[in-house]
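File shown: coords.cif. Contents: mmCIF, C-alpha atoms.
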```cif
data_structure
loop_
_atom_site.label_atom_id
_atom_site.label_comp_id
_atom_site.auth_asym_id
_atom_site.auth_seq_id
_atom_site.Cartn_x
_atom_site.Cartn_y
_atom_site.Cartn_z
CA MET A 1 -9.89 -8.24 20.54
CA LYS A 2 -9.30 -7.46 24.18
CA GLN A 3 -13.01 -7.25 24.81
CA ALA A 4 -13.58 -10.65 23.28
CA ALA A 5 -10.92 -12.14 25.52
CA GLU A 6 -12.64 -10.78 28.59
CA GLY A 7 -15.91 -12.31 27.47
CA LYS A 8 -17.68 -8.98 27.07
CA GLU A 9 -19.90 -8.44 24.10
CA GLN A 10 -19.71 -5.22 22.17
CA ASP A 11 -22.86 -3.14 22.37
CA THR A 12 -23.77 -2.83 18.71
CA SER A 13 -26.88 -0.74 19.30
CA LYS A 14 -24.82 2.38 19.92
CA PRO A 15 -22.29 3.92 17.58
CA VAL A 16 -18.70 3.76 18.74
CA THR A 17 -18.11 7.41 19.45
CA SER A 18 -15.73 7.93 22.29
CA ILE A 19 -13.93 11.02 21.03
CA GLY A 20 -16.89 13.36 20.59
CA ARG A 21 -16.76 13.28 16.87
CA ARG A 22 -19.10 11.70 14.36
CA TRP A 23 -18.58 12.80 10.79
CA GLY A 24 -21.72 13.11 8.78
CA MET A 25 -23.21 14.75 5.74
CA VAL A 26 -26.44 16.59 5.19
CA VAL A 27 -27.82 16.53 1.66
CA ASP A 28 -30.44 19.15 0.91
CA LEU A 29 -32.31 17.66 -2.01
CA ASP A 30 -34.17 20.92 -2.58
CA ARG A 31 -30.91 22.44 -3.75
CA CYS A 32 -29.53 19.60 -5.86
CA THR A 33 -29.68 20.32 -9.58
CA GLY A 34 -28.12 17.01 -10.59
CA CYS A 35 -25.13 18.74 -12.20
CA GLN A 36 -22.68 15.91 -11.32
CA ALA A 37 -19.93 18.30 -10.21
CA CYS A 38 -19.58 16.19 -7.06
CA VAL A 39 -19.08 13.07 -9.17
CA VAL A 40 -16.31 14.69 -11.19
CA ALA A 41 -14.63 16.12 -8.10
CA CYS A 42 -14.75 12.75 -6.36
CA HIS A 43 -13.19 10.98 -9.33
CA ALA A 44 -10.38 13.51 -9.47
CA GLU A 45 -9.72 13.56 -5.74
CA ASN A 46 -9.80 9.85 -5.09
CA ASN A 47 -7.96 8.46 -8.14
CA ILE A 48 -11.04 6.59 -9.27
CA ALA A 49 -10.69 4.67 -12.51
CA LEU A 50 -12.32 6.11 -15.62
CA ASN A 51 -15.58 4.40 -16.44
CA LEU A 52 -15.32 3.73 -20.14
CA GLU A 53 -18.20 2.40 -22.19
CA ASP A 54 -17.36 -1.30 -21.93
CA VAL A 55 -16.93 -0.99 -18.16
CA VAL A 56 -20.33 0.65 -17.79
CA LEU A 57 -22.00 -1.92 -20.02
CA GLN A 58 -20.65 -4.66 -17.78
CA GLN A 59 -22.13 -2.79 -14.80
CA ARG A 60 -18.73 -2.64 -13.20
CA ALA A 61 -18.40 1.14 -13.19
CA ILE A 62 -16.93 2.68 -10.04
CA ASN A 63 -18.65 5.80 -8.71
CA TRP A 64 -18.07 6.59 -5.08
CA ILE A 65 -20.80 9.19 -5.44
CA ARG A 66 -23.51 9.05 -8.05
CA ILE A 67 -26.62 11.06 -8.81
CA GLU A 68 -29.67 8.86 -8.82
CA ARG A 69 -32.47 10.08 -11.04
CA TYR A 70 -36.11 9.46 -10.25
CA TRP A 71 -38.70 10.38 -12.81
CA GLU A 72 -42.08 11.55 -11.68
CA GLY A 73 -45.25 12.03 -13.66
CA GLU A 74 -46.07 11.21 -17.23
CA TYR A 75 -45.00 12.89 -20.43
CA PRO A 76 -45.21 15.82 -21.00
CA ASN A 77 -45.42 16.62 -17.30
CA VAL A 78 -42.28 14.80 -16.25
CA LYS A 79 -40.17 15.87 -13.33
CA ALA A 80 -36.70 14.63 -12.48
CA ARG A 81 -35.74 14.20 -8.87
CA PHE A 82 -32.07 13.92 -8.04
CA LEU A 83 -30.55 12.10 -5.13
CA PRO A 84 -26.79 12.01 -4.57
CA MET A 85 -25.96 8.54 -3.29
CA PHE A 86 -22.70 7.51 -1.69
CA CYS A 87 -21.51 5.47 1.27
CA GLN A 88 -23.89 6.33 4.09
CA HIS A 89 -21.30 5.51 6.78
CA CYS A 90 -23.94 3.58 8.72
CA ASN A 91 -23.52 3.32 12.46
CA ASN A 92 -25.00 -0.17 12.13
CA ALA A 93 -23.30 -1.00 8.89
CA PRO A 94 -24.40 -4.23 7.20
CA CYS A 95 -21.05 -4.40 5.39
CA GLU A 96 -18.91 -4.55 8.51
CA PRO A 97 -19.83 -7.81 10.25
CA VAL A 98 -19.61 -9.84 7.04
CA CYS A 99 -15.97 -9.04 6.32
CA PRO A 100 -13.93 -12.13 7.23
CA VAL A 101 -10.65 -10.22 7.47
CA TYR A 102 -11.79 -7.10 9.34
CA ALA A 103 -10.87 -4.93 6.35
CA THR A 104 -13.91 -2.78 6.92
CA TYR A 105 -14.75 -1.49 10.35
CA HIS A 106 -16.25 1.47 12.14
CA ASN A 107 -13.81 3.88 13.66
CA GLN A 108 -14.23 6.21 16.59
CA GLU A 109 -15.08 9.12 14.35
CA GLY A 110 -18.10 7.37 12.91
CA LEU A 111 -16.41 6.62 9.63
CA ASN A 112 -16.93 3.32 7.90
CA VAL A 113 -13.33 2.57 7.02
CA GLN A 114 -12.05 0.36 4.24
CA VAL A 115 -8.46 -0.80 4.77
CA TYR A 116 -7.27 -1.62 1.28
CA ASN A 117 -4.29 -3.77 2.06
CA ARG A 118 -6.33 -5.95 4.39
CA CYS A 119 -9.05 -6.58 1.84
CA ILE A 120 -8.96 -9.96 0.13
CA GLY A 121 -11.87 -9.29 -2.20
CA THR A 122 -14.58 -11.63 -1.01
CA ARG A 123 -17.16 -8.98 -2.00
CA TYR A 124 -19.45 -9.98 0.87
CA CYS A 125 -19.62 -6.35 1.95
CA ALA A 126 -20.85 -5.14 -1.43
CA ASN A 127 -23.47 -7.87 -1.49
CA ASN A 128 -24.67 -6.82 1.93
CA CYS A 129 -24.75 -3.07 1.25
CA PRO A 130 -28.30 -1.88 0.68
CA TYR A 131 -27.12 1.38 -0.89
CA HIS A 132 -24.86 -0.06 -3.59
CA ALA A 133 -22.09 2.14 -2.30
CA ARG A 134 -19.23 -0.35 -2.55
CA PHE A 135 -17.32 -1.12 -5.69
CA PHE A 136 -15.00 -3.92 -6.62
CA ASN A 137 -11.84 -3.42 -8.65
CA PHE A 138 -12.13 -5.87 -11.49
CA TRP A 139 -9.05 -4.57 -13.27
CA GLU A 140 -5.57 -3.37 -12.57
CA ARG A 141 -5.15 0.31 -13.39
CA ASP A 142 -3.37 0.76 -16.69
CA LEU A 143 -1.93 4.24 -16.37
CA ASP A 144 0.31 5.87 -18.93
CA ASP A 145 2.76 8.58 -17.91
CA THR A 146 0.30 11.40 -18.62
CA HIS A 147 -2.45 9.88 -16.50
CA ARG A 148 0.01 9.12 -13.74
CA GLU A 149 0.53 12.87 -13.41
CA TYR A 150 -3.18 13.34 -12.69
CA LEU A 151 -3.14 11.13 -9.62
CA ASN A 152 -3.67 12.55 -6.17
CA PRO A 153 -0.55 11.57 -4.21
CA ASN A 154 -2.53 11.52 -0.96
CA VAL A 155 -4.75 8.66 -2.04
CA THR A 156 -3.73 5.11 -2.84
CA VAL A 157 -4.28 3.79 -6.34
CA ARG A 158 -6.28 0.65 -5.61
CA THR A 159 -5.17 -2.59 -7.15
CA LYS A 160 -7.20 -5.32 -8.74
CA GLY A 161 -9.23 -7.54 -6.45
CA ILE A 162 -10.11 -5.17 -3.64
CA MET A 163 -13.19 -3.29 -2.58
CA GLU A 164 -13.41 0.48 -2.43
CA LYS A 165 -15.95 3.13 -1.49
CA CYS A 166 -16.46 6.68 -0.32
CA THR A 167 -14.13 7.52 2.58
CA PHE A 168 -15.59 10.99 3.33
CA CYS A 169 -12.18 12.09 1.97
CA VAL A 170 -10.40 10.86 5.07
CA GLN A 171 -7.11 12.22 3.68
CA ARG A 172 -8.59 15.72 3.92
CA ILE A 173 -9.84 15.09 7.45
CA ARG A 174 -6.33 14.02 8.49
CA LYS A 175 -4.72 16.97 6.72
CA SER A 176 -7.02 19.50 8.42
CA GLU A 177 -6.40 17.75 11.72
CA TRP A 178 -2.64 18.06 11.64
CA GLU A 179 -2.70 21.53 10.14
CA ARG A 180 -4.74 22.69 13.13
CA ARG A 181 -2.48 20.75 15.48
CA GLN A 182 0.56 22.52 14.03
CA ALA A 183 -1.02 25.77 15.17
CA ASP A 184 -2.09 24.32 18.57
CA GLU A 185 -5.73 24.72 17.67
CA GLU A 186 -8.79 22.53 17.77
CA LEU A 187 -10.49 21.37 14.61
CA GLN A 188 -13.19 23.90 13.69
CA ASP A 189 -16.48 23.36 11.96
CA GLY A 190 -16.00 23.85 8.24
CA ASP A 191 -12.30 22.96 8.25
CA VAL A 192 -12.91 19.67 6.53
CA GLN A 193 -14.50 19.71 3.14
CA PRO A 194 -14.66 16.50 1.14
CA ALA A 195 -14.12 16.99 -2.59
CA CYS A 196 -17.85 16.66 -3.40
CA VAL A 197 -18.79 19.30 -0.84
CA GLN A 198 -16.15 21.67 -2.15
CA ALA A 199 -17.32 21.23 -5.73
CA CYS A 200 -21.06 21.54 -5.09
CA PRO A 201 -22.18 24.85 -6.65
CA THR A 202 -25.55 24.96 -4.91
CA ASP A 203 -24.35 24.12 -1.39
CA THR A 204 -26.43 20.95 -1.39
CA LEU A 205 -23.87 18.94 0.56
CA VAL A 206 -22.87 20.01 4.05
CA PHE A 207 -20.21 18.06 5.90
CA GLY A 208 -19.50 18.25 9.58
CA ASN A 209 -19.41 16.76 13.02
CA LEU A 210 -22.92 15.58 13.90
CA GLU A 211 -21.90 15.14 17.54
CA ASP A 212 -21.22 18.87 17.83
CA GLU A 213 -24.59 20.55 18.21
CA ASN A 214 -23.31 23.86 16.89
CA SER A 215 -21.88 22.52 13.66
CA ARG A 216 -23.69 23.57 10.52
CA ALA A 217 -24.37 19.97 9.55
CA ALA A 218 -25.88 19.12 12.94
CA GLN A 219 -28.06 22.24 12.77
CA LEU A 220 -29.30 21.32 9.33
CA ALA A 221 -29.98 17.77 10.46
CA GLN A 222 -32.58 19.19 12.85
CA ASN A 223 -34.63 20.45 9.92
CA LYS A 224 -38.16 19.09 9.73
CA ARG A 225 -37.53 17.77 6.22
CA HIS A 226 -34.84 15.36 7.37
CA TYR A 227 -34.93 11.67 6.61
CA ARG A 228 -32.47 8.86 5.99
CA VAL A 229 -32.49 6.57 3.01
CA MET A 230 -33.91 3.13 3.86
CA GLU A 231 -34.25 4.14 7.48
CA ASN A 232 -36.46 1.09 8.09
CA LEU A 233 -33.39 -1.15 7.76
CA GLY A 234 -32.03 0.28 10.98
CA THR A 235 -28.67 1.07 9.49
CA ASP A 236 -28.56 4.36 11.42
CA THR A 237 -26.70 6.26 8.73
CA ASN A 238 -24.51 9.31 9.17
CA VAL A 239 -25.89 10.84 5.99
CA ILE A 240 -29.07 12.80 6.38
CA TYR A 241 -31.19 13.89 3.47
CA LEU A 242 -33.54 16.87 3.51
CA LYS A 243 -36.65 16.22 1.50
CA LYS A 244 -37.24 18.21 -1.64
CA VAL A 245 -39.74 21.01 -1.23
CA ASP A 246 -42.49 20.72 -3.77
CA PRO A 247 -44.11 24.12 -4.33
CA HIS A 248 -47.25 22.47 -5.67
CA ALA A 249 -47.42 19.79 -3.03
CA SER A 250 -50.49 21.19 -1.31
CA GLU A 251 -52.36 21.27 -4.62
CA THR A 252 -51.53 17.72 -5.69
CA SER A 253 -51.41 15.71 -2.51
CA PRO A 254 -52.63 16.84 0.89
CA ALA A 255 -50.15 14.52 2.58
CA HIS A 256 -47.27 16.76 1.52
CA ALA A 257 -48.86 19.96 2.70
CA GLY A 258 -46.74 21.83 5.14
CA THR A 259 -43.38 20.81 3.69
CA ALA A 260 -43.26 23.99 1.66
CA ALA A 261 -43.61 26.00 4.82
CA ASP A 262 -40.47 24.43 6.25
CA ALA A 263 -38.41 25.48 3.27
CA GLY A 264 -37.02 28.49 5.11
CA GLY A 265 -34.86 26.33 7.32
CA ASN A 266 -32.51 25.14 4.65
CA SER A 267 -30.02 27.95 5.00
CA ALA A 268 -29.59 27.77 8.75
CA MET B 1 29.35 -42.08 -10.16
CA THR B 2 32.12 -41.71 -12.71
CA PRO B 3 35.10 -39.46 -11.89
CA ARG B 4 33.90 -37.06 -14.62
CA THR B 5 30.42 -36.52 -13.21
CA LEU B 6 31.93 -36.28 -9.73
CA ARG B 7 34.23 -33.49 -10.94
CA ILE B 8 31.33 -31.66 -12.59
CA THR B 9 29.21 -31.98 -9.44
CA ILE B 10 32.01 -30.71 -7.21
CA GLY B 11 32.71 -27.87 -9.66
CA ALA B 12 29.05 -26.87 -9.69
CA LEU B 13 28.90 -27.03 -5.90
CA VAL B 14 31.96 -24.80 -5.60
CA ILE B 15 30.40 -22.23 -7.96
CA VAL B 16 27.07 -22.23 -6.08
CA VAL B 17 28.73 -21.92 -2.67
CA GLY B 18 31.01 -19.17 -4.01
CA LEU B 19 28.05 -17.22 -5.37
CA LEU B 20 26.22 -17.63 -2.07
CA ILE B 21 29.21 -16.27 -0.16
CA ILE B 22 29.54 -13.31 -2.52
CA GLY B 23 25.80 -12.65 -2.18
CA ALA B 24 25.94 -12.87 1.61
CA VAL B 25 28.94 -10.55 1.81
CA THR B 26 27.36 -7.90 -0.42
CA TRP B 27 24.08 -8.22 1.50
CA VAL B 28 25.81 -7.75 4.85
CA THR B 29 27.92 -4.82 3.66
CA GLN B 30 24.89 -3.22 1.99
CA ALA B 31 22.86 -3.63 5.17
CA ALA B 32 25.67 -2.19 7.23
CA ASP B 33 26.23 0.74 4.94
CA GLY B 34 23.00 1.58 3.18
CA PRO B 35 22.68 2.00 -0.57
CA LYS B 36 25.42 3.62 -2.64
CA GLN B 37 24.47 7.15 -3.63
CA PRO B 38 25.37 8.93 -6.89
CA ILE B 39 27.39 11.40 -4.84
CA GLU B 40 29.14 10.26 -1.68
CA PHE B 41 27.41 12.88 0.44
CA MET B 42 28.76 12.65 3.96
CA HIS B 43 26.50 13.60 6.83
CA THR B 44 29.59 13.30 9.05
CA VAL B 45 31.20 16.31 7.35
CA HIS B 46 28.04 18.40 7.32
CA VAL B 47 26.54 17.53 10.69
CA GLN B 48 29.48 16.56 12.89
CA GLU B 49 32.28 18.76 11.57
CA ASN B 50 30.27 21.78 10.47
CA ASP B 51 27.37 21.47 12.91
CA ILE B 52 24.61 22.14 10.38
CA ASP B 53 21.07 21.61 11.67
CA CYS B 54 18.92 18.93 9.92
CA VAL B 55 16.26 21.52 9.08
CA PHE B 56 18.78 23.71 7.26
CA CYS B 57 18.75 21.25 4.34
CA HIS B 58 15.59 19.19 4.98
CA ARG B 59 13.54 22.37 4.98
CA ASN B 60 10.03 21.01 4.83
CA VAL B 61 10.29 18.71 7.83
CA GLU B 62 8.59 21.12 10.24
CA THR B 63 5.83 22.21 7.89
CA GLY B 64 4.89 19.33 5.63
CA ALA B 65 4.48 15.63 5.13
CA GLU B 66 7.84 15.14 3.45
CA ALA B 67 11.14 16.19 4.98
CA THR B 68 12.38 16.77 1.41
CA ILE B 69 15.82 16.15 -0.04
CA PRO B 70 17.41 19.50 -0.93
CA ALA B 71 17.60 20.53 -4.57
CA VAL B 72 20.98 20.96 -6.29
CA GLU B 73 20.35 24.68 -6.12
CA GLN B 74 20.27 24.51 -2.36
CA CYS B 75 23.53 22.54 -2.17
CA MET B 76 25.10 25.21 -4.37
CA MET B 77 24.00 27.89 -1.92
CA CYS B 78 27.03 26.86 0.15
CA HIS B 79 29.09 25.05 -2.45
CA GLN B 80 29.39 28.13 -4.68
CA VAL B 81 31.87 29.26 -2.07
CA ILE B 82 32.99 25.94 -0.63
CA ASN B 83 34.25 24.80 -4.03
CA ASN B 84 37.43 23.12 -5.21
CA GLU B 85 39.50 26.22 -4.57
CA HIS B 86 38.52 26.21 -0.90
CA PRO B 87 41.60 25.23 1.19
CA LYS B 88 39.58 22.86 3.43
CA VAL B 89 38.27 20.97 0.41
CA ARG B 90 41.68 20.71 -1.22
CA GLU B 91 42.98 18.84 1.82
CA ASN B 92 40.88 15.81 0.88
CA PRO B 93 40.83 14.47 -2.72
CA ILE B 94 37.55 12.60 -2.04
CA HIS B 95 35.80 15.83 -1.10
CA GLU B 96 37.27 17.49 -4.13
CA ALA B 97 35.97 14.76 -6.45
CA GLU B 98 32.49 14.67 -4.93
CA ILE B 99 32.06 18.43 -5.01
CA ALA B 100 33.19 18.38 -8.66
CA LYS B 101 30.30 15.91 -9.31
CA LEU B 102 27.86 18.29 -7.64
CA ARG B 103 29.13 21.20 -9.73
CA ALA B 104 28.70 19.10 -12.87
CA HIS B 105 25.04 18.50 -11.95
CA TRP B 106 24.60 22.22 -11.37
CA GLU B 107 26.23 23.24 -14.63
CA ASN B 108 24.34 20.62 -16.66
CA ARG B 109 21.07 21.61 -14.97
CA GLU B 110 20.50 18.01 -13.94
CA PRO B 111 18.92 16.87 -10.69
CA ILE B 112 20.73 14.24 -8.65
CA ASP B 113 19.08 10.80 -8.62
CA TRP B 114 19.47 10.07 -4.93
CA VAL B 115 18.68 6.50 -3.96
CA ARG B 116 15.77 6.36 -1.54
CA VAL B 117 16.80 4.89 1.81
CA HIS B 118 13.55 4.88 3.79
CA VAL B 119 10.89 3.35 1.58
CA MET B 120 7.27 3.40 2.75
CA PRO B 121 4.54 1.41 1.01
CA ASP B 122 2.19 3.37 -1.23
CA HIS B 123 -0.76 2.97 1.16
CA VAL B 124 0.99 4.64 4.10
CA ARG B 125 0.51 8.24 5.06
CA PHE B 126 3.39 9.59 7.13
CA VAL B 127 3.57 13.25 8.06
CA HIS B 128 6.96 14.42 9.28
CA ALA B 129 5.65 17.72 10.62
CA ALA B 130 3.16 16.03 12.96
CA HIS B 131 5.91 13.95 14.55
CA ILE B 132 8.31 16.87 14.93
CA LYS B 133 5.44 18.87 16.46
CA ALA B 134 4.87 16.06 18.97
CA GLY B 135 8.43 16.66 20.11
CA PHE B 136 10.31 13.79 18.52
CA ASP B 137 13.87 14.13 17.46
CA CYS B 138 14.86 13.10 13.93
CA ALA B 139 17.16 10.52 15.50
CA THR B 140 14.20 8.67 17.10
CA CYS B 141 13.47 7.06 13.75
CA HIS B 142 16.50 7.84 11.61
CA GLY B 143 19.23 7.10 14.14
CA ASP B 144 22.35 9.19 14.48
CA VAL B 145 22.58 10.19 10.82
CA GLY B 146 25.30 12.68 11.70
CA SER B 147 27.73 9.83 12.31
CA MET B 148 26.82 7.92 9.14
CA GLU B 149 29.09 8.24 6.13
CA ARG B 150 26.43 6.56 4.03
CA VAL B 151 22.82 6.83 5.29
CA LYS B 152 21.16 3.59 6.22
CA GLN B 153 17.86 2.64 7.79
CA VAL B 154 18.22 1.86 11.48
CA ARG B 155 14.64 1.02 12.44
CA SER B 156 12.38 -1.50 10.76
CA LEU B 157 9.67 1.18 10.33
CA ASN B 158 7.11 -1.53 9.61
CA MET B 159 3.56 -1.41 10.91
CA GLY B 160 4.39 -3.11 14.21
CA ASP B 161 7.16 -0.59 14.85
CA CYS B 162 4.83 2.37 14.17
CA VAL B 163 1.93 0.96 16.21
CA ALA B 164 4.17 0.09 19.18
CA CYS B 165 5.52 3.65 19.28
CA HIS B 166 2.02 5.13 18.87
CA ARG B 167 0.81 3.03 21.82
CA GLU B 168 3.75 4.03 24.01
CA ASN B 169 3.09 7.70 23.35
CA ASN B 170 -0.73 7.60 23.53
CA ALA B 171 -0.96 8.55 19.87
CA PRO B 172 -4.06 7.43 17.96
CA THR B 173 -3.92 3.92 16.54
CA ASP B 174 -6.92 4.06 14.24
CA CYS B 175 -6.18 2.50 10.84
CA THR B 176 -7.00 5.72 8.97
CA ILE B 177 -4.31 7.61 10.87
CA CYS B 178 -1.69 5.93 8.67
CA HIS B 179 -3.52 3.91 6.05
CA ARG B 180 -4.93 5.95 3.24
#
```

How does this structure look as structure tokens?
Amino acid sequence: MKQAAEGKEQDTSKPVTSIGRRWGMVVDLDRCTGCQACVVACHAENNIALNLEDVVLQQRAINWIRIERYWEGEYPNVKARFLPMFCQHCNNAPCEPVCPVYATYHNQEGLNVQVYNRCIGTRYCANNCPYHARFFNFWERDLDDTHREYLNPNVTVRTKGIMEKCTFCVQRIRKSEWERRQADEELQDGDVQPACVQACPTDTLVFGNLEDENSRAAQLAQNKRHYRVMENLGTDTNVIYLKKVDPHASETSPAHAGTAADAGGNSA
Amino acid sequence: MTPRTLRITIGALVIVVGLLIIGAVTWVTQAADGPKQPIEFMHTVHVQENDIDCVFCHRNVETGAEATIPAVEQCMMCHQVINNEHPKVRENPIHEAEIAKLRAHWENREPIDWVRVHVMPDHVRFVHAAHIKAGFDCATCHGDVGSMERVKQVRSLNMGDCVACHRENNAPTDCTICHR
């Protein structure tokens, strides 16, 4: 606001990172077995509505994280490839400039934030998201007393008419932050674990500060297999995927030769 | 206008004005005094006369998000001894009656349904411990509770109030600090 008054234009080519922190996730697709533990954990942690059959049939299911399946080959030689997809927390997020009420914005920690009580439900952001990571609440939650007990008290139960999406479990980031502050310590790498990361049995998801070169996530992001989904759009995402290693790649397509040799780097 | 309708109109007006006055008076007294609690717990007696520290009862305030209202069990820690036979209590019939209420809750194994005074919206995250750690006194937000016979809210504690204080003290003002 102040900047606008002074007539300066915000430099949108660079991420707003003034506090030396940019949260990001590295997803090692070579490790993902498509078990959906992350999906379950996310639903439990973030009070996400249950997707019953009629909701799914209307294509109004809410999944902050989902496992996308890609089938390769022809029967009987079919292979499934899994790709966990969630909000990519783009540094150049297409969802942000279209919000008329500034309910979604980029904060200094590189998070794409959704402020629920600002949202008026225009759904422009979801229409502009290339990753289908944003979900609209078409219904009020109808919770009986038993289900009320399941709710996470640290996360709002969203009402009808607002948009929601992956927050990188910002409530856990804040909790780790003040727990460290209570002990007069700095936030360490590995302190913050979003629910999906905690639940992942194969260590596919690694969360951390990409600005800190020594963090595990930043180290993994250096891997030769790294890529970003729909990188050509210039969204500059904070989620980095590591390509699946195909042991037979050199036999089937010469273009993929060499990827198998880089497989050793995935446990750095 | 016939005299009859005039009388009815005046009568109705008197009733409406009367109700408004009653409403205004209760609103003002409520605002001045805070909500009525199931037990007339007096912070004046506990804090001013007996000099008990806030943290002695609100135990979680330095370690967690909620300051916590003490359980009946914790009240009884002292009031087992400071009961109706205690000479100091017998001086004041109000104290005697209120402590009898507490004992009834204890004996019936029933929690006390305290009326919440400081209500935050569901989408707000407030962590007491972080603010105590930053060096703020309880009174900064809650006022001088020790001198209140019935606890009331002294600050608006709305978003503008929080943001203004965060700016003054160079605390972060990112939305996700409070909004969850």

Q. Leaving out Thr63 (chain B) and any residue of its chain fewer than 5 positions from it, which residues lie within 12 Å of it when counting all atoms listed in the file, given as JSON, numbers by chain?
A. {"A": [175, 178, 179, 180, 181, 182, 183], "B": [55, 58, 68, 127, 128, 129, 130, 131, 132, 133]}

(Q) With 8 Å as the limit and counting only C-alpha atoms, what residues in chain A lie close to chain B? Please list them as a ChimeraX atom specification. (A) /A:107-108,113,115-117,154-156,170-171,174,178,181-182

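Interatomic distance, CA of Gly121 (chain A) against CA of Met163 (chain A): 6.2 Å.
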
Please tabulate, as JSON lines, the residues of region 105-210 of chain A that come within 12 Å of region 226-250 of chain A, each with its closest pair of atoms and the distance in Å to one decimal, counting all atoms listed in the file and ordering rows by chain, then residue number upward.
```
{"residue": "A:His106", "atom": "CA", "partner": "A:Asn238", "partner_atom": "CA", "distance": 11.8}
{"residue": "A:Glu109", "atom": "CA", "partner": "A:Asn238", "partner_atom": "CA", "distance": 10.8}
{"residue": "A:Gly110", "atom": "CA", "partner": "A:Asn238", "partner_atom": "CA", "distance": 7.7}
{"residue": "A:Leu111", "atom": "CA", "partner": "A:Asn238", "partner_atom": "CA", "distance": 8.5}
{"residue": "A:Asn112", "atom": "CA", "partner": "A:Asn238", "partner_atom": "CA", "distance": 9.7}
{"residue": "A:Asn128", "atom": "CA", "partner": "A:Thr235", "partner_atom": "CA", "distance": 11.6}
{"residue": "A:Cys129", "atom": "CA", "partner": "A:Thr235", "partner_atom": "CA", "distance": 10.0}
{"residue": "A:Pro130", "atom": "CA", "partner": "A:Met230", "partner_atom": "CA", "distance": 8.2}
{"residue": "A:Tyr131", "atom": "CA", "partner": "A:Val229", "partner_atom": "CA", "distance": 8.4}
{"residue": "A:Phe168", "atom": "CA", "partner": "A:Val239", "partner_atom": "CA", "distance": 10.6}
{"residue": "A:Thr204", "atom": "CA", "partner": "A:Leu242", "partner_atom": "CA", "distance": 9.6}
{"residue": "A:Leu205", "atom": "CA", "partner": "A:Tyr241", "partner_atom": "CA", "distance": 9.4}
{"residue": "A:Val206", "atom": "CA", "partner": "A:Ile240", "partner_atom": "CA", "distance": 9.8}
{"residue": "A:Phe207", "atom": "CA", "partner": "A:Val239", "partner_atom": "CA", "distance": 9.2}
{"residue": "A:Gly208", "atom": "CA", "partner": "A:Asn238", "partner_atom": "CA", "distance": 10.3}
{"residue": "A:Asn209", "atom": "CA", "partner": "A:Asn238", "partner_atom": "CA", "distance": 9.8}
{"residue": "A:Leu210", "atom": "CA", "partner": "A:Asn238", "partner_atom": "CA", "distance": 8.0}
```

Q: Pull the neighbourhood of (-27.0, 14.0, -10.4) for me: all residues within 9 Å in file coordinates, counting all atoms listed in the file, as a count of residues only.
A: 16

Counting only C-alpha atoms, select every polymer residue within 7 Å of (27.0, 5.3, 5.2) as defined in the file's coordinates, and provide the selection as a PDB file with C-alpha atoms, in the coordinates of the input.
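Dumped to part.pdb:
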```
ATOM      1  CA  ASP B  33      26.230   0.740   4.940  1.00  0.00           C
ATOM      2  CA  GLY B  34      23.000   1.580   3.180  1.00  0.00           C
ATOM      3  CA  MET B 148      26.820   7.920   9.140  1.00  0.00           C
ATOM      4  CA  GLU B 149      29.090   8.240   6.130  1.00  0.00           C
ATOM      5  CA  ARG B 150      26.430   6.560   4.030  1.00  0.00           C
ATOM      6  CA  VAL B 151      22.820   6.830   5.290  1.00  0.00           C
ATOM      7  CA  LYS B 152      21.160   3.590   6.220  1.00  0.00           C
TER       8      LYS B 152
END
```

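Here CA of Cys78 (chain B) stands at a distance of 22.4 Å from CA of Val115 (chain B).
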
Q) What residues come out when you apply the PyMOL selection byres ((chain A and resi 143) around 12) to this file, written as a list in words? A) Asn47, Ile48, Ala49, Leu50, Trp139, Glu140, Arg141, Asp142, Asp144, Asp145, Thr146, His147, Arg148, Glu149, Tyr150, Leu151, Val157 and Thr159 of chain A

Q) What does the distance between CA of Arg116 (chain B) and CA of Ile69 (chain B) come to in Å, to one decimal place? A) 9.9 Å
